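File shown: start-v3.txt. Contents: compact mmCIF, C-alpha atoms and all ligand atoms.
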# COMPACT_ATOMS: atom_id res chain seq x y z
CA MET M 292 17.02 -139.69 13.36
CA ILE M 293 15.73 -136.33 12.11
CA LEU M 294 12.55 -136.41 9.99
CA PRO M 295 11.00 -133.45 8.12
CA GLY M 296 8.18 -132.42 10.48
CA GLY M 297 5.96 -131.01 7.73
CA GLN M 298 5.40 -134.41 6.08
CA PRO M 299 2.43 -136.68 6.96
CA ASP M 300 4.72 -139.76 6.95
CA SER M 301 6.87 -138.18 9.65
CA ILE M 302 3.82 -137.41 11.80
CA ASP M 303 2.63 -141.03 11.37
CA ALA M 304 6.05 -142.35 12.42
CA ALA M 305 6.04 -140.07 15.48
CA VAL M 306 2.53 -141.16 16.50
CA ARG M 307 3.56 -144.84 16.21
CA ALA M 308 6.62 -144.22 18.36
CA LEU M 309 4.62 -142.36 21.02
CA ALA M 310 1.91 -145.04 21.06
CA ALA M 311 4.67 -147.61 21.66
CA GLY M 312 5.88 -145.65 24.70
CA GLU M 313 8.91 -144.15 22.95
CA LEU M 314 10.10 -140.54 23.01
CA VAL M 315 10.02 -137.97 20.20
CA GLY M 316 11.88 -134.67 19.73
CA LEU M 317 9.12 -132.12 19.12
CA PRO M 318 9.41 -128.62 17.60
CA THR M 319 7.32 -125.93 19.27
CA GLU M 320 7.33 -122.17 18.73
CA THR M 321 9.21 -121.66 22.03
CA VAL M 322 11.89 -124.39 22.23
CA TYR M 323 12.07 -128.05 21.18
CA GLY M 324 10.49 -130.52 23.61
CA LEU M 325 11.16 -134.17 24.47
CA ALA M 326 7.69 -135.67 24.11
CA ALA M 327 6.04 -138.75 25.62
CA ASP M 328 2.44 -139.89 26.08
CA ALA M 329 1.53 -137.97 29.24
CA CYS M 330 -0.62 -140.83 30.53
CA ASN M 331 2.00 -143.57 30.01
CA ASP M 332 4.03 -143.64 33.25
CA ALA M 333 6.80 -145.80 31.78
CA ALA M 334 7.27 -143.37 28.87
CA VAL M 335 7.22 -140.41 31.27
CA ALA M 336 9.90 -142.15 33.38
CA ARG M 337 12.03 -142.39 30.22
CA VAL M 338 11.76 -138.60 29.80
CA PHE M 339 13.07 -137.98 33.32
CA ALA M 340 15.90 -140.49 32.75
CA ALA M 341 16.92 -139.11 29.33
CA LYS M 342 17.19 -135.59 30.73
CA GLY M 343 18.74 -136.55 34.05
CA ARG M 344 15.87 -134.61 35.62
CA PRO M 345 14.72 -135.30 39.20
CA SER M 346 11.34 -137.07 39.02
CA ASP M 347 9.68 -134.56 41.36
CA HIS M 348 10.11 -131.73 38.81
CA PRO M 349 6.74 -131.71 37.01
CA LEU M 350 6.43 -131.79 33.20
CA ILE M 351 4.17 -129.62 31.03
CA VAL M 352 1.44 -131.48 29.14
CA HIS M 353 0.80 -130.25 25.59
CA VAL M 354 -2.73 -130.50 24.22
CA ALA M 355 -4.19 -130.10 20.70
CA SER M 356 -6.72 -127.45 21.73
CA ALA M 357 -8.30 -125.79 24.74
CA ALA M 358 -10.88 -128.60 24.74
CA GLY M 359 -8.09 -131.04 25.67
CA VAL M 360 -7.69 -129.35 29.05
CA THR M 361 -10.77 -131.10 30.45
CA LYS M 362 -8.94 -134.45 30.19
CA PHE M 363 -6.36 -133.26 32.74
CA ALA M 364 -7.74 -130.35 34.78
CA GLN M 365 -10.35 -130.51 37.49
CA HIS M 366 -11.67 -127.04 36.88
CA ILE M 367 -10.74 -123.84 35.07
CA PRO M 368 -10.95 -120.49 36.90
CA ALA M 369 -12.48 -117.67 34.82
CA PHE M 370 -9.16 -115.77 34.60
CA ALA M 371 -7.45 -118.93 33.30
CA GLN M 372 -10.12 -119.32 30.64
CA SER M 373 -9.54 -115.69 29.57
CA LEU M 374 -5.79 -116.34 29.30
CA MET M 375 -6.41 -119.44 27.17
CA ASP M 376 -8.83 -117.53 24.93
CA ALA M 377 -6.26 -114.77 24.44
CA PHE M 378 -3.02 -116.71 23.99
CA TRP M 379 -3.73 -120.29 22.87
CA PRO M 380 -2.38 -121.71 20.75
CA GLY M 381 0.79 -119.97 21.88
CA PRO M 382 3.67 -119.56 24.35
CA LEU M 383 1.69 -119.72 27.61
CA THR M 384 1.49 -122.57 30.15
CA LEU M 385 -1.25 -122.64 32.78
CA ILE M 386 -0.94 -124.57 36.04
CA LEU M 387 -4.40 -125.93 36.89
CA PRO M 388 -5.77 -128.27 39.57
CA ARG M 389 -5.18 -131.83 38.28
CA LEU M 390 -7.84 -134.52 37.92
CA PRO M 391 -6.60 -136.96 40.58
CA CYS M 392 -6.83 -140.01 38.29
CA VAL M 393 -4.56 -138.77 35.47
CA ALA M 394 -0.89 -138.10 34.77
CA ALA M 395 0.39 -138.27 38.37
CA ALA M 396 3.93 -139.29 37.33
CA CYS M 397 4.03 -136.55 34.74
CA ALA M 398 2.96 -134.01 37.38
CA GLY M 399 5.84 -135.11 39.61
CA GLY M 400 3.33 -136.03 42.32
CA GLN M 401 1.80 -132.53 42.52
CA ASP M 402 -1.99 -132.16 42.65
CA SER M 403 -1.74 -129.60 39.82
CA ILE M 404 -0.81 -129.96 36.17
CA GLY M 405 0.90 -127.63 33.67
CA LEU M 406 -0.97 -127.39 30.35
CA ARG M 407 -0.10 -125.68 27.10
CA CYS M 408 -1.44 -125.65 23.54
CA PRO M 409 1.54 -124.75 21.32
CA SER M 410 1.11 -122.86 18.03
CA HIS M 411 3.85 -124.54 15.96
CA PRO M 412 2.14 -126.25 13.00
CA VAL M 413 4.17 -129.45 13.41
CA ALA M 414 3.36 -129.66 17.14
CA LEU M 415 -0.34 -129.06 16.42
CA ALA M 416 -0.38 -131.67 13.64
CA LEU M 417 1.24 -134.24 15.93
CA LEU M 418 -1.05 -133.44 18.87
CA LYS M 419 -4.15 -133.76 16.67
CA ALA M 420 -2.94 -137.06 15.20
CA CYS M 421 -2.18 -138.32 18.72
CA ALA M 422 -5.65 -137.34 19.97
CA GLU M 423 -7.15 -139.43 17.15
CA VAL M 424 -5.44 -142.56 18.49
CA GLY M 425 -6.39 -141.83 22.10
CA ILE M 426 -3.24 -140.02 23.28
CA ALA M 427 -4.83 -137.03 25.05
CA GLY M 428 -1.66 -135.06 25.72
CA LEU M 429 2.12 -135.07 25.31
CA ALA M 430 4.36 -134.45 28.28
CA ALA M 431 7.25 -132.41 26.88
CA PRO M 432 9.95 -130.68 28.87
CA SER M 433 12.60 -128.83 26.90
CA ALA M 434 14.76 -131.39 25.05
CA ASN M 435 18.03 -130.67 26.86
CA GLN M 436 20.05 -132.28 29.63
CA PHE M 437 18.86 -131.02 33.01
CA GLY M 438 20.20 -127.53 33.75
CA ARG M 439 21.54 -126.91 30.25
CA ILE M 440 20.47 -124.56 27.46
CA SER M 441 17.13 -125.38 25.81
CA PRO M 442 17.35 -126.46 22.14
CA THR M 443 15.90 -124.25 19.41
CA THR M 444 16.74 -126.46 16.40
CA ALA M 445 16.49 -130.19 15.65
CA ALA M 446 20.30 -130.35 15.51
CA HIS M 447 20.49 -128.95 19.07
CA VAL M 448 18.13 -131.74 20.23
CA GLN M 449 20.45 -134.38 18.78
CA ALA M 450 23.48 -132.72 20.34
CA GLU M 451 21.74 -132.94 23.74
CA LEU M 452 20.04 -136.33 23.52
CA GLY M 453 21.76 -138.33 20.79
CA GLN M 454 21.24 -139.30 17.14
CA GLU M 455 18.87 -142.16 17.88
CA LEU M 456 16.00 -140.03 19.12
CA LEU M 457 13.27 -139.63 16.50
CA THR M 458 13.15 -135.85 16.11
CA LEU M 459 10.73 -133.89 13.94
CA ASP M 460 12.44 -130.97 12.23
CA GLY M 461 10.27 -127.86 12.42
CA GLY M 462 13.00 -125.31 11.68
CA ALA M 463 14.40 -122.79 14.15
CA CYS M 464 11.95 -121.85 16.93
CA SER M 465 10.29 -118.47 16.32
CA VAL M 466 9.99 -117.46 20.00
CA GLY M 467 13.26 -118.95 21.27
CA ILE M 468 12.70 -118.99 25.05
CA GLU M 469 10.29 -121.17 27.00
CA SER M 470 6.62 -120.35 27.56
CA SER M 471 5.42 -117.97 30.28
CA ILE M 472 4.01 -120.05 33.15
CA ILE M 473 1.03 -118.82 35.17
CA ASP M 474 -0.11 -120.67 38.27
CA CYS M 475 -3.92 -120.63 38.26
CA THR M 476 -4.42 -122.70 41.43
CA ARG M 477 -4.19 -119.91 44.00
CA GLY M 478 -7.28 -117.80 43.38
CA ALA M 479 -5.27 -115.14 41.53
CA PRO M 480 -2.78 -115.57 38.66
CA VAL M 481 0.86 -115.96 39.74
CA LEU M 482 3.70 -115.62 37.21
CA LEU M 483 6.07 -118.56 37.83
CA ARG M 484 8.27 -118.08 34.76
CA PRO M 485 8.35 -115.03 32.46
CA GLY M 486 8.40 -115.58 28.70
CA VAL M 487 7.90 -113.26 25.75
CA LEU M 488 4.34 -112.26 26.71
CA THR M 489 4.56 -109.01 28.66
CA ARG M 490 2.96 -108.51 32.05
CA ALA M 491 0.73 -105.81 30.48
CA GLN M 492 -0.49 -108.28 27.82
CA LEU M 493 -1.21 -110.95 30.44
CA GLU M 494 -3.00 -108.56 32.80
CA SER M 495 -5.13 -107.02 30.09
CA ALA M 496 -6.21 -110.50 28.94
CA CYS M 497 -7.18 -111.80 32.37
CA GLY M 498 -8.53 -108.49 33.69
CA CYS M 499 -6.67 -108.64 37.01
CA ALA M 500 -3.19 -108.19 38.47
CA VAL M 501 -0.67 -110.98 37.80
CA LEU M 502 1.27 -111.58 41.02
CA GLU M 503 5.03 -112.09 41.23
CA ARG M 504 6.15 -115.57 42.20
CA ASP M 505 8.17 -114.67 45.28
CA ALA M 506 5.60 -112.23 46.64
CA ALA M 507 2.74 -114.70 46.15
CA LEU M 508 4.40 -117.97 47.18
CA GLY M 509 7.06 -116.90 49.68
CA PRO M 510 10.51 -118.41 50.15
CA GLY M 511 9.16 -121.90 50.99
CA ALA M 512 7.59 -122.27 47.53
CA PRO M 513 8.12 -125.59 45.74
CA ARG M 514 11.24 -125.59 43.56
CA ALA M 515 10.70 -126.17 39.88
CA SER M 516 13.50 -126.70 37.41
CA GLY M 517 12.81 -123.60 35.29
CA THR M 518 12.68 -121.56 38.49
CA LEU M 519 15.92 -122.87 40.01
CA GLU M 520 18.44 -120.13 40.52
CA SER M 521 20.96 -121.88 38.30
CA HIS M 522 19.60 -123.14 34.95
CA TYR M 523 19.91 -122.65 31.17
CA ALA M 524 23.69 -122.80 31.56
CA PRO M 525 26.28 -122.76 28.78
CA LYS M 526 29.60 -124.56 29.39
CA ALA M 527 31.46 -121.24 29.49
CA LYS M 528 31.10 -119.00 32.52
CA LEU M 529 28.53 -116.28 31.80
CA ARG M 530 28.68 -112.83 33.36
CA LEU M 531 26.20 -109.96 33.08
CA MET M 532 27.61 -106.43 32.97
CA ASP M 533 26.21 -102.98 32.27
CA SER M 534 27.29 -101.59 28.91
CA GLU M 535 29.94 -99.21 30.35
CA SER M 536 31.70 -101.90 32.42
CA LEU M 537 31.54 -104.21 29.46
CA LYS M 538 33.17 -101.67 27.14
CA THR M 539 35.94 -100.98 29.65
CA ALA M 540 36.54 -104.68 30.28
CA ALA M 541 36.68 -105.40 26.56
CA ARG M 542 39.19 -102.57 26.03
CA LEU M 543 41.45 -103.76 28.85
CA LEU M 544 41.17 -107.32 27.66
CA GLY M 545 41.86 -106.28 24.05
CA ALA M 546 45.25 -104.97 25.13
CA GLU M 547 46.00 -108.21 26.94
CA LEU M 548 44.74 -110.78 24.49
CA THR M 549 47.22 -111.96 21.92
CA ALA M 550 45.71 -115.13 20.67
CA SER M 551 48.18 -117.43 19.01
CA PRO M 552 47.18 -118.45 15.47
CA GLY M 553 44.64 -121.27 15.53
CA ALA M 554 43.88 -120.88 19.26
CA PRO M 555 40.16 -120.64 20.11
CA PRO M 556 38.89 -117.24 21.29
CA ALA M 557 38.95 -116.90 25.09
CA VAL M 558 36.07 -114.48 25.61
CA ALA M 559 32.76 -113.84 23.85
CA LEU M 560 30.93 -110.54 23.99
CA TYR M 561 27.17 -110.18 23.44
CA SER M 562 26.08 -106.58 23.75
CA ARG M 563 23.86 -103.92 22.22
CA ALA M 564 26.71 -101.43 22.00
CA SER M 565 28.39 -101.01 18.64
CA GLN M 566 31.34 -103.32 18.43
CA SER M 567 34.93 -102.32 18.80
CA SER M 568 37.38 -103.33 16.10
CA PRO M 569 38.18 -107.04 15.80
CA THR M 570 40.42 -108.17 18.67
CA PRO M 571 42.35 -111.44 18.64
CA GLY M 572 40.88 -113.87 21.13
CA LEU M 573 37.63 -111.94 21.45
CA LEU M 574 34.45 -113.18 19.77
CA GLN M 575 31.74 -110.53 19.30
CA ARG M 576 28.04 -110.76 18.53
CA ARG M 577 25.81 -107.74 18.44
CA MET M 578 22.67 -108.07 20.59
CA PRO M 579 19.55 -106.86 18.73
CA ASP M 580 17.75 -103.84 20.19
CA ASP M 581 14.39 -105.46 20.78
CA ALA M 582 13.65 -108.16 23.34
CA VAL M 583 11.68 -110.41 20.98
CA ALA M 584 14.62 -110.62 18.57
CA VAL M 585 17.06 -111.36 21.41
CA ALA M 586 14.77 -114.12 22.78
CA ARG M 587 14.66 -115.72 19.33
CA GLU M 588 18.44 -116.04 19.02
CA LEU M 589 19.64 -116.12 22.65
CA PHE M 590 20.03 -119.87 23.20
CA SER M 591 21.62 -120.51 19.82
CA VAL M 592 24.06 -117.62 20.37
CA LEU M 593 25.11 -119.20 23.70
CA ARG M 594 25.51 -122.58 21.98
CA ASP M 595 27.62 -120.96 19.23
CA PHE M 596 29.89 -119.43 21.90
CA ASP M 597 30.29 -122.83 23.56
CA ALA M 598 31.05 -124.43 20.20
CA ALA M 599 33.72 -121.78 19.55
CA GLY M 600 35.39 -122.90 22.80
CA VAL M 601 35.29 -119.60 24.73
CA LYS M 602 35.86 -119.76 28.50
CA LEU M 603 33.98 -116.57 29.37
CA ILE M 604 30.80 -115.01 27.98
CA TRP M 605 30.19 -111.37 28.83
CA VAL M 606 26.64 -110.21 28.22
CA GLU M 607 25.20 -106.72 28.49
CA THR M 608 22.50 -106.61 31.20
CA PRO M 609 19.12 -106.20 29.46
CA PRO M 610 17.13 -103.00 30.13
CA PRO M 611 14.86 -103.00 33.21
CA SER M 612 11.52 -102.76 31.32
CA HIS M 613 8.99 -105.64 31.48
CA GLU M 614 9.36 -106.63 27.83
CA TRP M 615 12.87 -107.86 28.73
CA ASP M 616 11.71 -109.96 31.75
CA GLY M 617 11.95 -113.31 29.95
CA VAL M 618 15.39 -112.70 28.47
CA ARG M 619 16.73 -111.19 31.72
CA ASP M 620 15.42 -114.18 33.70
CA ARG M 621 17.22 -116.71 31.42
CA LEU M 622 20.46 -114.73 31.49
CA GLN M 623 20.42 -114.33 35.28
CA ARG M 624 19.92 -118.07 35.74
CA ALA M 625 22.65 -118.85 33.18
CA ALA M 626 24.97 -116.51 35.08
CA ALA M 627 24.17 -118.16 38.44
CA SER M 628 25.78 -121.48 37.61
O1 LIG Q 1 7.94 -123.51 26.23
C1 LIG Q 1 7.87 -124.46 27.02
O2 LIG Q 1 7.17 -124.42 28.04
C2 LIG Q 1 8.68 -125.71 26.68
C3 LIG Q 1 8.13 -126.33 25.40
C4 LIG Q 1 8.76 -127.64 25.04
O3 LIG Q 1 6.75 -126.41 25.48
N1 LIG Q 1 8.68 -126.64 27.76
C5 LIG Q 1 9.37 -126.42 28.91
O4 LIG Q 1 9.32 -127.48 29.80
O5 LIG Q 1 9.98 -125.40 29.12
P1 LIG Q 1 10.33 -127.62 31.04
O6 LIG Q 1 10.04 -128.95 31.63
O7 LIG Q 1 11.71 -127.38 30.61
O8 LIG Q 1 9.82 -126.55 32.03
C6 LIG Q 1 8.60 -126.77 32.64
C7 LIG Q 1 8.43 -125.87 33.82
C8 LIG Q 1 9.30 -126.30 34.97
O9 LIG Q 1 9.81 -125.16 35.62
C9 LIG Q 1 8.28 -127.03 35.84
O10 LIG Q 1 8.66 -127.10 37.15
C10 LIG Q 1 7.04 -126.18 35.62
O11 LIG Q 1 7.07 -125.95 34.26
N2 LIG Q 1 5.83 -126.92 35.95
C11 LIG Q 1 5.26 -127.93 35.24
N3 LIG Q 1 4.18 -128.42 35.88
C12 LIG Q 1 4.06 -127.71 37.03
C13 LIG Q 1 3.15 -127.74 38.13
N4 LIG Q 1 2.17 -128.62 38.20
N5 LIG Q 1 3.35 -126.84 39.13
C14 LIG Q 1 4.36 -125.94 39.07
N6 LIG Q 1 5.25 -125.87 38.06
C15 LIG Q 1 5.11 -126.74 37.06
MG MG Q 2 13.63 -126.79 30.56
Could you show the structure in this file as structure tokens?
Amino acid sequence: MILPGGQPDSIDAAVRALAAGELVGLPTETVYGLAADACNDAAVARVFAAKGRPSDHPLIVHVASAAGVTKFAQHIPAFAQSLMDAFWPGPLTLILPRLPCVAAACAGGQDSIGLRCPSHPVALALLKACAEVGIAGLAAPSANQFGRISPTTAAHVQAELGQELLTLDGGACSVGIESSIIDCTRGAPVLLRPGVLTRAQLESACGCAVLERDAALGPGAPRASGTLESHYAPKAKLRLMDSESLKTAARLLGAELTASPGAPPAVALYSRASQSSPTPGLLQRRMPDDAVAVARELFSVLRDFDAAGVKLIWVETPPPSHEWDGVRDRLQRAAAS
């Protein structure tokens, strides 16, 4: 059931469901989440089951404000506090040492906990209303089946998890890819998952270097779902290509493709290059020139390609600059499956 997220009645209904240990589809500025009371182990178990997610992959806890962190975290390093001051509410998750007595199931057994204060008005309204009835935080992984593309609309959530789920409609997500995750448990900040915040923004806020995951943690680092090599996958096979190879491939393919009337297109093209003339069997979407705009539409473009029934998705490799890190990361993982 989809309810308009902006209405007080909808928030009340969602709070009642969460207090009863049920799950709620939650809009955030990044992607939609599948929310449960973070301190209710049975509800948290339902989240893992609904997603088909292994129970040792920890969930992010969403809080109504920075003050909510003290309910879950043992202590807050100074650089983590600076990051919170700069980017909360917003698309940043901090991994902090967990208070041993809370949210163990939600943390997948780790002694740390991921915390984020989202900026979406519907998410904030729900988190505040939850806090008033004693629900200190909402565990909310992205509301998709494990390994699949994250949802950026309420309709995507229903397509992933079914019509029955109470889902608050907050419109299309403005950021479009998941939050940046910074591990704050190792003495220096370590970037576990890039998002739309650039490395320069993060470093200037915390006043120190932000380390790369692999360099800081080494190859034996714990595996986390958003950091698995293969993730965010459409049904079609996705391939990254530089713009020249992509143009050549499209030209060769254009000569070969003779789609019969009514047949679905075989290949989808998503590139920044200007598009060639319409070719039967070839679906084309122009990739915007700036990374923020691509992040906003990326997951829904991939879903559209799947819905059109293409077998192959060819995507132009994003530029090497840091502002593209989040988009490049999602595309590389989508291509790895
Ligand atoms: O933007 C987002 O972060 C979205 C929205 C709904 O807030 N949520 C999201 O959740 O992307 P999920 O579960 O799809 O990704 C959470 C990531 C996973 O890679 C998980 O392993 C990592 O956060 N994570 C959570 N807690 C952790 C912890 N204690 N230590 C290390 N990684 C953690
Ligand atoms: Mg996810």
Query raised in the report: Contacts of Ala586 of chain M at 7 Å or less, counting all atoms listed in the file, minus same-chain residues fewer than 3 places along, as a PyMOL selection string?
Result: chain M and resi 466-468+582-583+589+618
Report task. Please identify every polymer residue within 8 Å of ligand LIG 1 (chain Q), using only C-alpha atoms and all ligand atoms, and present the set as an MDAnalysis selection string. Result -> chainID M and resid 317:325 348:353 382:384 386:387 398:399 401:407 409 431:434 441 468:472 474 483:484 513:519
Report summary line: Counting only C-alpha atoms, closest pick from M:Arg621, M:Gln372, M:Val315, M:Asp597 relative to Gln454 of chain M is M:Val315
Report task. Tell me which protein, DNA and RNA residues are within 12 Å of Ala326 of chain M, counting only C-alpha atoms, leaving out same-chain ones fewer than 2 positions away, and put them as a count of residues only. Result -> 51
Report task. For atom CA of Phe378 of chain M and atom CA of Thr489 of chain M, quote the distance in Å rounded to one decimal. Result ->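 These atoms are spaced 11.8 Å apart.
Of the listed residues M:Gly462, M:Gly438, M:Pro485, M:Pro556, the one whose atoms come nearest to ligand MG 2 (chain Q) is M:Gly438, with distances taken using all atoms listed in the file.
Those residues positioned at most 6 Å from (23.2, -110.6, 27.0) are Tyr561, Ser562, Val606, Glu607 and Thr608 of chain M, judged using all atoms listed in the file.
What separates atom CA of Arg477 of chain M from atom CA of Gly381 of chain M is a distance of 22.7 Å.
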Query raised in the report: Which of these, M:Ala355, M:Ala420, M:Ala524, M:Leu415, has the shortest distance to ligand MG 2 (chain Q) once you count all atoms listed in the file?
Result: M:Ala524
Query - Ile604 of chain M environment, 8 Å, only C-alpha atoms, sequence neighbours closer than 5 positions dropped, as an MDAnalysis selection string - result: chainID M and resid 527:530 558:561 596
Report summary line: Here atom CA of Gln575 of chain M and atom CA of Thr444 of chain M stand apart by 22.1 Å
**Report entry** Residue with smallest distance to ligand MG 2 (chain Q) - pool M:Arg624, M:Pro368, M:Gly509, M:Ala396, counting all atoms listed in the file
**Finding:**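 Looking only at the distances to ligand MG 2 (chain Q), the closest residue turns out to be M:Arg624.
You can rank M:Thr443, M:Ser568, M:Ser536, M:Ser591 by their closest distance to ligand MG 2 (chain Q) using all atoms listed in the file, and at the top of that list sits M:Thr443.
Minimum atom-to-atom distances from M:Phe370, M:Phe437, M:Trp379, M:Trp615 to ligand MG 2 (chain Q) were compared using only C-alpha atoms and all ligand atoms, and the lowest value belongs to M:Phe437.
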Skip Pro555 of chain M itself and residues of its chain fewer than 3 positions away, then list as a short mmCIF file (atom, residue, chain, number, x, y, z; two decimals) with C-alpha atoms, in the coordinates of the input all residues within 7 Å of it, counting only C-alpha atoms.
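Final output, saved to result02.cif:
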data_model
loop_
_atom_site.label_atom_id
_atom_site.label_comp_id
_atom_site.auth_asym_id
_atom_site.auth_seq_id
_atom_site.Cartn_x
_atom_site.Cartn_y
_atom_site.Cartn_z
CA GLY M 572 40.88 -113.87 21.13
CA ALA M 599 33.72 -121.78 19.55
CA GLY M 600 35.39 -122.90 22.80
CA VAL M 601 35.29 -119.60 24.73
#
